[in-house]
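Working notes for the structure below.
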Amino acid sequence: GAVVSQHPSWVICKSGTSVKIECRSLDFQATTMFWYRQFPKQSLMLMATSNEGSKATYEQGVEKDKFLINHASLTLSTLTVTSAHPEDSSFYICSANSGPTDTQYFGPGTRLTVL
Amino acid sequence: RKEVEQDPGPFNVPEGATVAFNCTYSNSASQSFFWYRQDCRKEPKLLMSVYSSGNEDGRFTAQLNRASQYISLLIRDSKLSDSATYLCVVNRGDSWGKLQFGAGTQVVVTP
């Protein structure tokens with residue numbers, strides 16, 4: 001149980017385009033989903049926290065207008081990277097939990113390359 | 001100063017040997033502690049939670065020292081499949097689910 005999927009698993013796009021990444025909890029209802037970014041040889045950095053039906057909470061330094069998060073249902077959250085630039089190339093990972101707990105279930109990640 | 005610091009390694013370990021490594025954390029408000037493993041280009045997977053009294057899961061033993069704010073992981077009888085990057089993770093203490101990750105310690109088990 002507790003499976004989280006992400007789509008796409010990898011994407012290559014041109015600079016200036018927008019990319020949408022989906023995160024789904026397949027067998028549980030995710031009250032909270034988290035979006036992380038990981039650059040090579042660095043730690044995962046929390047970008048934002050999203051709760052179903054409410055606005056996402058962004059971490060300091062993360063531009064909310066650039067990284068649009070929608071959590072429309074208890075099983076789906078999306079991250080849209082708008083006007084992507086090469087410096088946005090990274091590994092984006094979502095996670096989900098189903099209550100007031102630190103236990104999180106991670107998606108397999110999306111590798112974004114912006115040319 | 002990083003909030004969670006780890007020796008990046010790599011720790012080169014002969015198969016069957018024991019390896020141990022630590023991480024330190026700076027946030028005294030942290031209440032939950034974990035070790036995750038991350039394989040190359042994959043998502044992190046929970047290895048074990050770390051409890052104040054120390055805990056063991058098979059060949060893996062974790063210890064927590066709150067006074068000195070460090071966490072350790074020991075792997076006994078290393079297997080080739082233990083080769084991975086081990087991430088030290090603590091919660092931020094301000095709300096559920098907000099985790100801080102170390103950059104990881106790489107372990108390479110050799111035949």
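Residues in the structure tokens are named by chain (A, B, ... in the order shown) and by number from 1 within that chain; ligands are numbered from 1 in the order shown.
Once A:Ser50 and its same-chain neighbours fewer than 6 positions away are set aside, Thr32, Met33, Phe34, Ala56, Thr57, Ile69, Asn70, His71 and Ser77 of chain A remain within 8 Å of it when counting only C-alpha atoms.
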Q | For A:Gln6: contacts at 7 Å, only C-alpha atoms, fewer than 3 positions along chain excluded, given as a PyMOL selection string | A | chain A and resi 9+22-24+107-110
Restricted to N, CA, C and O atoms, what would the selected residues look like written as a compact mmCIF listing (two decimals), in the first residue's frame?
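again.txt, written as the output of this step:
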# COMPACT_ATOMS: atom_id res chain seq x y z
N SER A 9 7.93 10.87 -15.93
CA SER A 9 9.13 10.51 -15.18
C SER A 9 10.32 11.34 -15.65
O SER A 9 11.26 11.55 -14.89
N GLU A 22 2.44 15.76 -12.56
CA GLU A 22 1.35 15.26 -11.74
C GLU A 22 1.85 14.31 -10.66
O GLU A 22 2.76 13.52 -10.90
N CYS A 23 1.23 14.40 -9.52
CA CYS A 23 1.55 13.52 -8.40
C CYS A 23 0.25 12.91 -7.91
O CYS A 23 -0.69 13.65 -7.57
N ARG A 24 0.18 11.61 -7.90
CA ARG A 24 -1.05 10.92 -7.49
C ARG A 24 -0.79 9.92 -6.37
O ARG A 24 0.17 9.16 -6.44
N GLY A 107 6.91 9.86 -4.43
CA GLY A 107 6.77 9.47 -5.81
C GLY A 107 8.14 9.18 -6.39
O GLY A 107 9.17 9.48 -5.77
N PRO A 108 8.19 8.60 -7.58
CA PRO A 108 9.46 8.22 -8.20
C PRO A 108 10.24 9.38 -8.77
O PRO A 108 11.37 9.20 -9.21
N GLY A 109 9.66 10.56 -8.77
CA GLY A 109 10.40 11.74 -9.23
C GLY A 109 10.24 12.01 -10.71
O GLY A 109 9.91 11.12 -11.51
N THR A 110 10.46 13.26 -11.07
CA THR A 110 10.43 13.70 -12.46
C THR A 110 11.72 14.44 -12.74
O THR A 110 12.05 15.41 -12.04
Q.
Using only C-alpha atoms, can you tell me which of A:Lys55, A:Ser90, A:Thr103, A:Ala48 comes closest to B:Met48?
A.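 Closest residue, counting only C-alpha atoms: A:Thr103.
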Q.
Taking only C-alpha atoms into account and nothing else, which residues of chain A lie no more than 12 Å away from chain B? Please answer as a PyMOL selection string.
A. chain A and resi 3-6+9-10+31-51+57-59+90-111
Q: Select, from B:Thr110, B:Gln69, B:Gln6, B:Thr61, the residue with the minimum atom-to-atom distance to B:Ala29, counting only C-alpha atoms.
A: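 So, comparing all the options, the nearest one is B:Gln69.
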Q. With only C-alpha atoms as the atoms that count, which of A:Gly16, A:Gly61, A:Val11, A:Ser25 lies nearest to A:Thr78?
A.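 Nearest to A:Thr78: A:Ser25.
Take atom CA of A:Leu112 and atom CA of A:Val62: the distance between them is 17.0 Å.
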Q. As a PyMOL selection string, which residues of chain B does DSSP assign to strand (DSSP E or B)?
A. chain B and resi 4-6+11-14+19-25+33-38+44-49+55-57+60-65+70-75+84-91+99-101+105-110
Q) In Å, with one decimal, what is the gap from atom CA of B:Val50 to atom CA of B:Leu74? A)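 One can read the atom CA of B:Val50 to atom CA of B:Leu74 distance as 12.0 Å.
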Q) Which distance in Å separates atom CA of B:Ser68 and atom CA of B:Ala84, to one decimal? A)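 A separation of 26.4 Å between them.
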Q) Quick one: residues within 6 Å of B:Ile71, only C-alpha atoms counted, chain neighbours fewer than 4 positions away excluded, as an MDAnalysis selection string? A) chainID B and resid 22:23 63:64
